[in-house]
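Q: Below is work.pdb; it holds PDB, C-alpha atoms.
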ATOM      1  CA  MET A   1     120.268 141.490 111.916  1.00  0.00           C
ATOM      2  CA  THR A   2     120.583 137.817 112.893  1.00  0.00           C
ATOM      3  CA  ALA A   3     121.390 135.050 110.431  1.00  0.00           C
ATOM      4  CA  VAL A   4     118.639 132.486 109.959  1.00  0.00           C
ATOM      5  CA  ASP A   5     119.646 128.846 109.956  1.00  0.00           C
ATOM      6  CA  PRO A   6     118.347 127.454 106.630  1.00  0.00           C
ATOM      7  CA  LEU A   7     117.880 124.010 108.178  1.00  0.00           C
ATOM      8  CA  SER A   8     115.277 125.408 110.556  1.00  0.00           C
ATOM      9  CA  GLN A   9     113.188 126.858 107.742  1.00  0.00           C
ATOM     10  CA  PRO A  10     110.020 125.088 106.546  1.00  0.00           C
ATOM     11  CA  LEU A  11     109.552 123.978 102.956  1.00  0.00           C
ATOM     12  CA  VAL A  12     106.542 125.812 101.630  1.00  0.00           C
ATOM     13  CA  GLY A  13     104.654 125.009  98.447  1.00  0.00           C
ATOM     14  CA  PRO A  14     103.638 121.708  96.881  1.00  0.00           C
ATOM     15  CA  GLN A  15     104.632 118.371  98.406  1.00  0.00           C
ATOM     16  CA  PRO A  16     106.201 116.350  95.568  1.00  0.00           C
ATOM     17  CA  ALA A  17     106.760 113.266  97.753  1.00  0.00           C
ATOM     18  CA  VAL A  18     103.043 113.100  98.520  1.00  0.00           C
ATOM     19  CA  GLU A  19     102.209 113.527  94.833  1.00  0.00           C
ATOM     20  CA  VAL A  20     104.651 110.757  93.879  1.00  0.00           C
ATOM     21  CA  ALA A  21     103.203 108.434  96.547  1.00  0.00           C
ATOM     22  CA  ARG A  22      99.646 109.194  95.407  1.00  0.00           C
ATOM     23  CA  ASP A  23     100.656 108.383  91.851  1.00  0.00           C
ATOM     24  CA  LEU A  24     102.331 105.158  93.034  1.00  0.00           C
ATOM     25  CA  ALA A  25      99.101 104.201  94.826  1.00  0.00           C
ATOM     26  CA  ARG A  26      97.105 104.883  91.662  1.00  0.00           C
ATOM     27  CA  ARG A  27      99.467 102.705  89.628  1.00  0.00           C
ATOM     28  CA  GLY A  28      99.270 100.040  92.342  1.00  0.00           C
ATOM     29  CA  GLY A  29      95.507 100.009  91.892  1.00  0.00           C
ATOM     30  CA  LEU A  30      95.955  99.610  88.149  1.00  0.00           C
ATOM     31  CA  VAL A  31      98.246  96.569  88.400  1.00  0.00           C
ATOM     32  CA  ALA A  32      96.463  94.988  91.390  1.00  0.00           C
ATOM     33  CA  PRO A  33      94.061  92.868  89.281  1.00  0.00           C
ATOM     34  CA  ILE A  34      96.998  91.397  87.333  1.00  0.00           C
ATOM     35  CA  PHE A  35      98.948  90.563  90.500  1.00  0.00           C
ATOM     36  CA  ILE A  36      95.862  89.093  92.198  1.00  0.00           C
ATOM     37  CA  ALA A  37      95.001  87.041  89.123  1.00  0.00           C
ATOM     38  CA  LEU A  38      98.535  85.622  89.013  1.00  0.00           C
ATOM     39  CA  GLY A  39      98.319  84.814  92.728  1.00  0.00           C
ATOM     40  CA  ALA A  40      94.996  83.058  92.180  1.00  0.00           C
ATOM     41  CA  ILE A  41      96.343  81.057  89.215  1.00  0.00           C
ATOM     42  CA  PHE A  42      99.451  79.758  90.992  1.00  0.00           C
ATOM     43  CA  TRP A  43      98.327  79.553  94.659  1.00  0.00           C
ATOM     44  CA  GLY A  44      94.526  79.636  94.581  1.00  0.00           C
ATOM     45  CA  ALA A  45      92.258  81.850  96.665  1.00  0.00           C
ATOM     46  CA  ALA A  46      94.749  82.056  99.540  1.00  0.00           C
ATOM     47  CA  GLY A  47      97.417  83.191  97.095  1.00  0.00           C
ATOM     48  CA  ALA A  48      95.139  85.899  95.728  1.00  0.00           C
ATOM     49  CA  ALA A  49      94.360  87.129  99.246  1.00  0.00           C
ATOM     50  CA  SER A  50      98.063  87.104 100.160  1.00  0.00           C
ATOM     51  CA  VAL A  51      98.971  89.061  97.033  1.00  0.00           C
ATOM     52  CA  ALA A  52      96.249  91.631  97.765  1.00  0.00           C
ATOM     53  CA  TYR A  53      97.490  91.983 101.339  1.00  0.00           C
ATOM     54  CA  ALA A  54     101.091  92.450 100.167  1.00  0.00           C
ATOM     55  CA  LEU A  55     100.005  95.088  97.640  1.00  0.00           C
ATOM     56  CA  ALA A  56      98.136  96.928 100.385  1.00  0.00           C
ATOM     57  CA  ILE A  57     101.291  96.859 102.543  1.00  0.00           C
ATOM     58  CA  VAL A  58     103.430  98.240  99.697  1.00  0.00           C
ATOM     59  CA  VAL A  59     101.021 101.070  98.878  1.00  0.00           C
ATOM     60  CA  ALA A  60     100.489 101.941 102.554  1.00  0.00           C
ATOM     61  CA  ASN A  61     104.270 101.990 103.004  1.00  0.00           C
ATOM     62  CA  PHE A  62     104.704 104.508 100.169  1.00  0.00           C
ATOM     63  CA  LEU A  63     101.856 106.705 101.417  1.00  0.00           C
ATOM     64  CA  LEU A  64     103.051 106.648 105.021  1.00  0.00           C
ATOM     65  CA  ALA A  65     106.607 107.547 103.969  1.00  0.00           C
ATOM     66  CA  ALA A  66     105.408 110.471 101.876  1.00  0.00           C
ATOM     67  CA  LEU A  67     102.986 111.758 104.521  1.00  0.00           C
ATOM     68  CA  MET A  68     105.701 111.679 107.178  1.00  0.00           C
ATOM     69  CA  LEU A  69     108.112 113.537 104.903  1.00  0.00           C
ATOM     70  CA  GLY A  70     105.475 116.064 103.848  1.00  0.00           C
ATOM     71  CA  TYR A  71     104.341 116.751 107.403  1.00  0.00           C
ATOM     72  CA  ALA A  72     107.901 117.200 108.665  1.00  0.00           C
ATOM     73  CA  ALA A  73     108.875 119.372 105.682  1.00  0.00           C
ATOM     74  CA  ARG A  74     106.183 121.880 106.643  1.00  0.00           C
ATOM     75  CA  ILE A  75     107.948 122.303 110.003  1.00  0.00           C
ATOM     76  CA  SER A  76     111.624 122.360 108.996  1.00  0.00           C
ATOM     77  CA  ILE A  77     114.136 120.853 106.590  1.00  0.00           C
ATOM     78  CA  ALA A  78     116.106 119.316 109.448  1.00  0.00           C
ATOM     79  CA  LEU A  79     112.988 117.619 110.815  1.00  0.00           C
ATOM     80  CA  MET A  80     112.340 116.170 107.380  1.00  0.00           C
ATOM     81  CA  GLY A  81     115.741 114.466 107.567  1.00  0.00           C
ATOM     82  CA  VAL A  82     114.835 113.064 110.968  1.00  0.00           C
ATOM     83  CA  ALA A  83     111.473 111.874 109.641  1.00  0.00           C
ATOM     84  CA  ALA A  84     113.152 110.125 106.715  1.00  0.00           C
ATOM     85  CA  LEU A  85     115.554 108.198 108.953  1.00  0.00           C
ATOM     86  CA  ALA A  86     113.127 107.442 111.773  1.00  0.00           C
ATOM     87  CA  GLY A  87     110.460 106.650 109.213  1.00  0.00           C
ATOM     88  CA  PHE A  88     112.661 103.929 107.693  1.00  0.00           C
ATOM     89  CA  ALA A  89     112.940 102.128 111.019  1.00  0.00           C
ATOM     90  CA  ILE A  90     109.277 102.663 111.912  1.00  0.00           C
ATOM     91  CA  ARG A  91     107.954 101.464 108.559  1.00  0.00           C
ATOM     92  CA  LEU A  92     110.256  98.440 108.535  1.00  0.00           C
ATOM     93  CA  GLY A  93     108.886  97.544 111.963  1.00  0.00           C
ATOM     94  CA  LEU A  94     105.306  98.062 110.809  1.00  0.00           C
ATOM     95  CA  ILE A  95     105.836  95.803 107.792  1.00  0.00           C
ATOM     96  CA  PHE A  96     107.385  93.178 110.073  1.00  0.00           C
ATOM     97  CA  PHE A  97     104.397  93.236 112.427  1.00  0.00           C
ATOM     98  CA  ALA A  98     101.884  93.377 109.566  1.00  0.00           C
ATOM     99  CA  VAL A  99     103.315  90.153 108.122  1.00  0.00           C
ATOM    100  CA  MET A 100     103.903  88.428 111.465  1.00  0.00           C
ATOM    101  CA  ALA A 101     100.322  89.163 112.514  1.00  0.00           C
ATOM    102  CA  VAL A 102      98.884  87.122 109.646  1.00  0.00           C
ATOM    103  CA  ARG A 103     101.577  84.503 108.993  1.00  0.00           C
ATOM    104  CA  ASP A 104      99.556  81.690 110.561  1.00  0.00           C
ATOM    105  CA  ALA A 105      96.219  82.750 109.073  1.00  0.00           C
ATOM    106  CA  SER A 106      94.480  80.225 106.841  1.00  0.00           C
ATOM    107  CA  TRP A 107      94.196  82.689 103.951  1.00  0.00           C
ATOM    108  CA  VAL A 108      97.936  83.488 103.856  1.00  0.00           C
ATOM    109  CA  ARG A 109     100.622  81.906 101.672  1.00  0.00           C
ATOM    110  CA  LEU A 110     104.004  83.332 102.559  1.00  0.00           C
ATOM    111  CA  ILE A 111     105.709  82.738  99.189  1.00  0.00           C
ATOM    112  CA  PRO A 112     103.294  84.844  97.072  1.00  0.00           C
ATOM    113  CA  LEU A 113     103.151  87.420  99.870  1.00  0.00           C
ATOM    114  CA  GLY A 114     106.936  87.788  99.940  1.00  0.00           C
ATOM    115  CA  LEU A 115     107.331  87.755  96.180  1.00  0.00           C
ATOM    116  CA  THR A 116     104.645  90.417  95.800  1.00  0.00           C
ATOM    117  CA  LEU A 117     106.267  92.617  98.442  1.00  0.00           C
ATOM    118  CA  ILE A 118     109.488  92.725  96.430  1.00  0.00           C
ATOM    119  CA  THR A 119     108.152  92.776  92.874  1.00  0.00           C
ATOM    120  CA  ALA A 120     105.371  95.305  93.548  1.00  0.00           C
ATOM    121  CA  HIS A 121     107.701  97.627  95.467  1.00  0.00           C
ATOM    122  CA  LEU A 122     110.418  97.573  92.802  1.00  0.00           C
ATOM    123  CA  GLY A 123     108.047  97.403  89.837  1.00  0.00           C
ATOM    124  CA  LEU A 124     105.995 100.406  90.923  1.00  0.00           C
ATOM    125  CA  LEU A 125     109.165 102.363  91.654  1.00  0.00           C
ATOM    126  CA  PHE A 126     110.707 101.660  88.251  1.00  0.00           C
ATOM    127  CA  TRP A 127     107.423 102.560  86.561  1.00  0.00           C
ATOM    128  CA  GLU A 128     107.195 105.815  88.504  1.00  0.00           C
ATOM    129  CA  MET A 129     110.860 106.662  87.994  1.00  0.00           C
ATOM    130  CA  ARG A 130     110.496 106.194  84.258  1.00  0.00           C
ATOM    131  CA  TYR A 131     107.557 108.575  84.268  1.00  0.00           C
ATOM    132  CA  ILE A 132     109.309 111.186  86.402  1.00  0.00           C
ATOM    133  CA  SER A 133     112.536 111.111  84.418  1.00  0.00           C
ATOM    134  CA  GLY A 134     110.462 111.314  81.242  1.00  0.00           C
ATOM    135  CA  THR A 135     108.504 114.372  82.217  1.00  0.00           C
ATOM    136  CA  LEU A 136     111.229 115.971  84.405  1.00  0.00           C
ATOM    137  CA  ALA A 137     108.443 117.143  86.658  1.00  0.00           C
ATOM    138  CA  TYR A 138     106.087 115.858  89.314  1.00  0.00           C
ATOM    139  CA  PRO A 139     103.501 113.241  88.359  1.00  0.00           C
ATOM    140  CA  GLY A 140     100.555 114.789  86.613  1.00  0.00           C
ATOM    141  CA  LEU A 141     102.427 117.963  85.769  1.00  0.00           C
ATOM    142  CA  LYS A 142     103.767 117.355  82.315  1.00  0.00           C
ATOM    143  CA  PRO A 143     105.825 120.232  80.921  1.00  0.00           C
ATOM    144  CA  ARG A 144     103.707 122.370  78.680  1.00  0.00           C
ATOM    145  CA  ALA A 145     104.866 124.358  75.692  1.00  0.00           C
ATOM    146  CA  LYS A 146     105.162 128.028  76.551  1.00  0.00           C
ATOM    147  CA  ARG A 147     102.868 130.347  74.686  1.00  0.00           C
ATOM    148  CA  SER A 148     104.675 133.191  73.020  1.00  0.00           C
TER     149      SER A 148
ATOM    150  CA  MET B   1     139.279  76.249 122.332  1.00  0.00           C
ATOM    151  CA  SER B   2     137.692  76.802 118.944  1.00  0.00           C
ATOM    152  CA  ILE B   3     134.077  77.823 118.428  1.00  0.00           C
ATOM    153  CA  ALA B   4     133.383  74.596 116.527  1.00  0.00           C
ATOM    154  CA  SER B   5     134.552  72.363 119.375  1.00  0.00           C
ATOM    155  CA  THR B   6     132.637  74.452 121.915  1.00  0.00           C
ATOM    156  CA  THR B   7     129.510  74.173 119.786  1.00  0.00           C
ATOM    157  CA  ALA B   8     130.014  70.419 119.482  1.00  0.00           C
ATOM    158  CA  GLN B   9     130.325  70.098 123.282  1.00  0.00           C
ATOM    159  CA  VAL B  10     127.198  72.170 123.865  1.00  0.00           C
ATOM    160  CA  LEU B  11     125.263  70.129 121.309  1.00  0.00           C
ATOM    161  CA  ALA B  12     126.411  66.902 122.954  1.00  0.00           C
ATOM    162  CA  GLN B  13     125.190  68.168 126.331  1.00  0.00           C
ATOM    163  CA  VAL B  14     121.739  69.266 125.139  1.00  0.00           C
ATOM    164  CA  ASP B  15     121.357  66.129 123.017  1.00  0.00           C
ATOM    165  CA  ILE B  16     120.052  67.921 119.953  1.00  0.00           C
ATOM    166  CA  ASP B  17     119.152  65.888 116.885  1.00  0.00           C
ATOM    167  CA  ALA B  18     119.818  66.699 113.229  1.00  0.00           C
ATOM    168  CA  ASP B  19     116.384  68.253 112.660  1.00  0.00           C
ATOM    169  CA  GLY B  20     116.714  70.428 115.728  1.00  0.00           C
ATOM    170  CA  LEU B  21     120.165  71.542 114.641  1.00  0.00           C
ATOM    171  CA  LYS B  22     118.852  72.360 111.179  1.00  0.00           C
ATOM    172  CA  ALA B  23     115.987  74.383 112.660  1.00  0.00           C
ATOM    173  CA  ALA B  24     118.346  76.250 114.968  1.00  0.00           C
ATOM    174  CA  GLU B  25     120.714  77.060 112.123  1.00  0.00           C
ATOM    175  CA  GLY B  26     117.793  78.174 109.972  1.00  0.00           C
ATOM    176  CA  ALA B  27     116.535  80.479 112.713  1.00  0.00           C
ATOM    177  CA  SER B  28     119.927  82.068 113.319  1.00  0.00           C
ATOM    178  CA  SER B  29     120.546  82.450 109.568  1.00  0.00           C
ATOM    179  CA  ALA B  30     117.153  84.118 109.150  1.00  0.00           C
ATOM    180  CA  GLY B  31     117.938  86.534 111.949  1.00  0.00           C
ATOM    181  CA  PHE B  32     121.323  87.371 110.419  1.00  0.00           C
ATOM    182  CA  ALA B  33     119.751  87.816 106.969  1.00  0.00           C
ATOM    183  CA  TYR B  34     117.211  90.342 108.254  1.00  0.00           C
ATOM    184  CA  GLY B  35     119.616  92.172 110.548  1.00  0.00           C
ATOM    185  CA  LEU B  36     122.448  92.479 108.029  1.00  0.00           C
ATOM    186  CA  ALA B  37     120.035  93.422 105.250  1.00  0.00           C
ATOM    187  CA  ALA B  38     118.739  96.344 107.325  1.00  0.00           C
ATOM    188  CA  ILE B  39     122.195  97.798 108.040  1.00  0.00           C
ATOM    189  CA  GLY B  40     123.105  98.657 104.447  1.00  0.00           C
ATOM    190  CA  PRO B  41     119.895 100.538 103.624  1.00  0.00           C
ATOM    191  CA  GLY B  42     120.155 102.360 106.959  1.00  0.00           C
ATOM    192  CA  ILE B  43     123.581 103.693 106.015  1.00  0.00           C
ATOM    193  CA  GLY B  44     122.433 104.418 102.465  1.00  0.00           C
ATOM    194  CA  ILE B  45     119.324 106.327 103.521  1.00  0.00           C
ATOM    195  CA  GLY B  46     121.325 108.269 106.097  1.00  0.00           C
ATOM    196  CA  TYR B  47     123.838 109.395 103.474  1.00  0.00           C
ATOM    197  CA  LEU B  48     121.126 110.128 100.894  1.00  0.00           C
ATOM    198  CA  VAL B  49     118.971 112.173 103.253  1.00  0.00           C
ATOM    199  CA  GLY B  50     121.972 114.056 104.629  1.00  0.00           C
ATOM    200  CA  GLN B  51     123.019 115.171 101.153  1.00  0.00           C
ATOM    201  CA  ALA B  52     119.441 116.007 100.154  1.00  0.00           C
ATOM    202  CA  VAL B  53     118.861 118.116 103.270  1.00  0.00           C
ATOM    203  CA  GLN B  54     122.101 119.960 102.601  1.00  0.00           C
ATOM    204  CA  ALA B  55     121.058 120.602  99.001  1.00  0.00           C
ATOM    205  CA  MET B  56     117.623 121.885 100.042  1.00  0.00           C
ATOM    206  CA  ALA B  57     119.149 124.179 102.676  1.00  0.00           C
ATOM    207  CA  ARG B  58     121.573 125.630 100.131  1.00  0.00           C
ATOM    208  CA  GLN B  59     119.105 125.959  97.274  1.00  0.00           C
ATOM    209  CA  PRO B  60     115.527 126.107  98.576  1.00  0.00           C
ATOM    210  CA  GLU B  61     114.277 126.937  95.076  1.00  0.00           C
ATOM    211  CA  SER B  62     115.247 123.425  93.904  1.00  0.00           C
ATOM    212  CA  ALA B  63     113.703 121.703  96.930  1.00  0.00           C
ATOM    213  CA  GLY B  64     110.905 120.174  94.855  1.00  0.00           C
ATOM    214  CA  THR B  65     113.236 118.333  92.512  1.00  0.00           C
ATOM    215  CA  VAL B  66     115.533 117.286  95.350  1.00  0.00           C
ATOM    216  CA  GLN B  67     112.579 116.042  97.414  1.00  0.00           C
ATOM    217  CA  THR B  68     111.258 113.947  94.515  1.00  0.00           C
ATOM    218  CA  THR B  69     114.662 112.404  93.878  1.00  0.00           C
ATOM    219  CA  MET B  70     115.174 111.848  97.605  1.00  0.00           C
ATOM    220  CA  PHE B  71     111.832 110.093  97.996  1.00  0.00           C
ATOM    221  CA  LEU B  72     112.551 107.740  95.102  1.00  0.00           C
ATOM    222  CA  GLY B  73     116.069 107.122  96.429  1.00  0.00           C
ATOM    223  CA  ILE B  74     114.739 106.251  99.868  1.00  0.00           C
ATOM    224  CA  ALA B  75     112.191 103.866  98.362  1.00  0.00           C
ATOM    225  CA  PHE B  76     114.779 102.139  96.164  1.00  0.00           C
ATOM    226  CA  THR B  77     117.219 101.768  99.055  1.00  0.00           C
ATOM    227  CA  GLU B  78     114.432 100.451 101.256  1.00  0.00           C
ATOM    228  CA  ALA B  79     113.820  97.690  98.719  1.00  0.00           C
ATOM    229  CA  LEU B  80     117.079  96.077  99.901  1.00  0.00           C
ATOM    230  CA  ALA B  81     115.732  95.863 103.440  1.00  0.00           C
ATOM    231  CA  LEU B  82     112.460  94.458 102.101  1.00  0.00           C
ATOM    232  CA  ILE B  83     114.362  91.760 100.209  1.00  0.00           C
ATOM    233  CA  GLY B  84     116.167  90.877 103.450  1.00  0.00           C
ATOM    234  CA  PHE B  85     112.837  90.689 105.246  1.00  0.00           C
ATOM    235  CA  VAL B  86     111.336  88.401 102.616  1.00  0.00           C
ATOM    236  CA  VAL B  87     114.415  86.148 102.798  1.00  0.00           C
ATOM    237  CA  PHE B  88     113.897  86.096 106.572  1.00  0.00           C
ATOM    238  CA  ILE B  89     110.266  84.989 106.397  1.00  0.00           C
ATOM    239  CA  LEU B  90     111.029  82.420 103.704  1.00  0.00           C
ATOM    240  CA  LEU B  91     113.950  80.930 105.683  1.00  0.00           C
ATOM    241  CA  LYS B  92     112.121  80.972 108.982  1.00  0.00           C
ATOM    242  CA  PHE B  93     108.572  79.967 108.126  1.00  0.00           C
ATOM    243  CA  VAL B  94     108.519  78.158 104.773  1.00  0.00           C
TER     244      VAL B  94
END
Spell out the structure here as structure tokens.

A:
Amino acid sequence: MTAVDPLSQPLVGPQPAVEVARDLARRGGLVAPIFIALGAIFWGAAGAASVAYALAIVVANFLLAALMLGYAARISIALMGVAALAGFAIRLGLIFFAVMAVRDASWVRLIPLGLTLITAHLGLLFWEMRYISGTLAYPGLKPRAKRS
Amino acid sequence: MSIASTTAQVLAQVDIDADGLKAAEGASSAGFAYGLAAIGPGIGIGYLVGQAVQAMARQPESAGTVQTTMFLGIAFTEALALIGFVVFILLKFV
């Protein structure tokens, strides 16, 4: 009988990272009107468009990270580690190019775009973390009382 | 010869004005801000993922909880790199 390396084993079952990212995207959609309204109030139409673009980047970043982790986890635990590290570099590069591609566009204001990138990323994470630590489970799966 | 005197000699040769010097310093500072801000999260994510992978390999039954915590940890650590990036674009282009 040969010993099986646990790092080469796939993770079967639900993908909590994907569920968390989906929940983050849902929450991003909920707060988007508030962010866009604030952008419009302080920077006008260009500010609103910049804020919307930054929110889209943040949500796409979360979803891409979770999808990469989930896909790699179905192959092996070790590959998931590789995906997490390579994914950091890849997503940072994608964000860089996504912002550089539009920095000279007429509808872009860099200050609201940058502020939204930081505040939306951290705000959504704190909101999600509060929910997860509160339920001690995945999003949408609140602990239920056991029936005797 | 010190770096400052070398820099002064080079600047005298290229005949750079105050605005040009300010722009050059801004560009190099922006580059340093982004580069240095990406190093810390890289180390942090590497350590975090290494420990999480080890935990999942040892206790596959707790992989769900570990994966959730790992994902949030990665995202929080990545925020530092994002802050560095925003500082970069604000220094360089605003």

Q: Atom CA of B:Leu48 and atom CA of A:Trp127, how far apart in Å?

A: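 Separation between atom CA of A:Trp127 and atom CA of B:Leu48: 21.2 Å.
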
Q: Kindly give the distance, in Å, that separates atom CA of A:Val12 and atom CA of A:Arg74, rounded to a single decimal.

A: 6.4 Å

Q: Got a sec to pull out which chain B residues are within 8 Å of chain A, counting only C-alpha atoms, and send them as a PyMOL selection string?

A: chain B and resi 42+45-46+49-50+53+56-58+60+63-65+67-68+71-72+75-76+78-79+81-83+85-86+89-90+93-94

Q: May I ask for the distance between atom CA of B:Ser28 and atom CA of B:Val87, given in Å to one decimal place?

A: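 Separation between atom CA of B:Ser28 and atom CA of B:Val87: 12.6 Å.
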
Q: Using all atoms listed in the file, can you tell me which of B:Ala38, B:Ala27, B:Ala52, B:Leu80 comes closest to B:Val66?

A: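 The answer is B:Ala52, which sits nearest to B:Val66.
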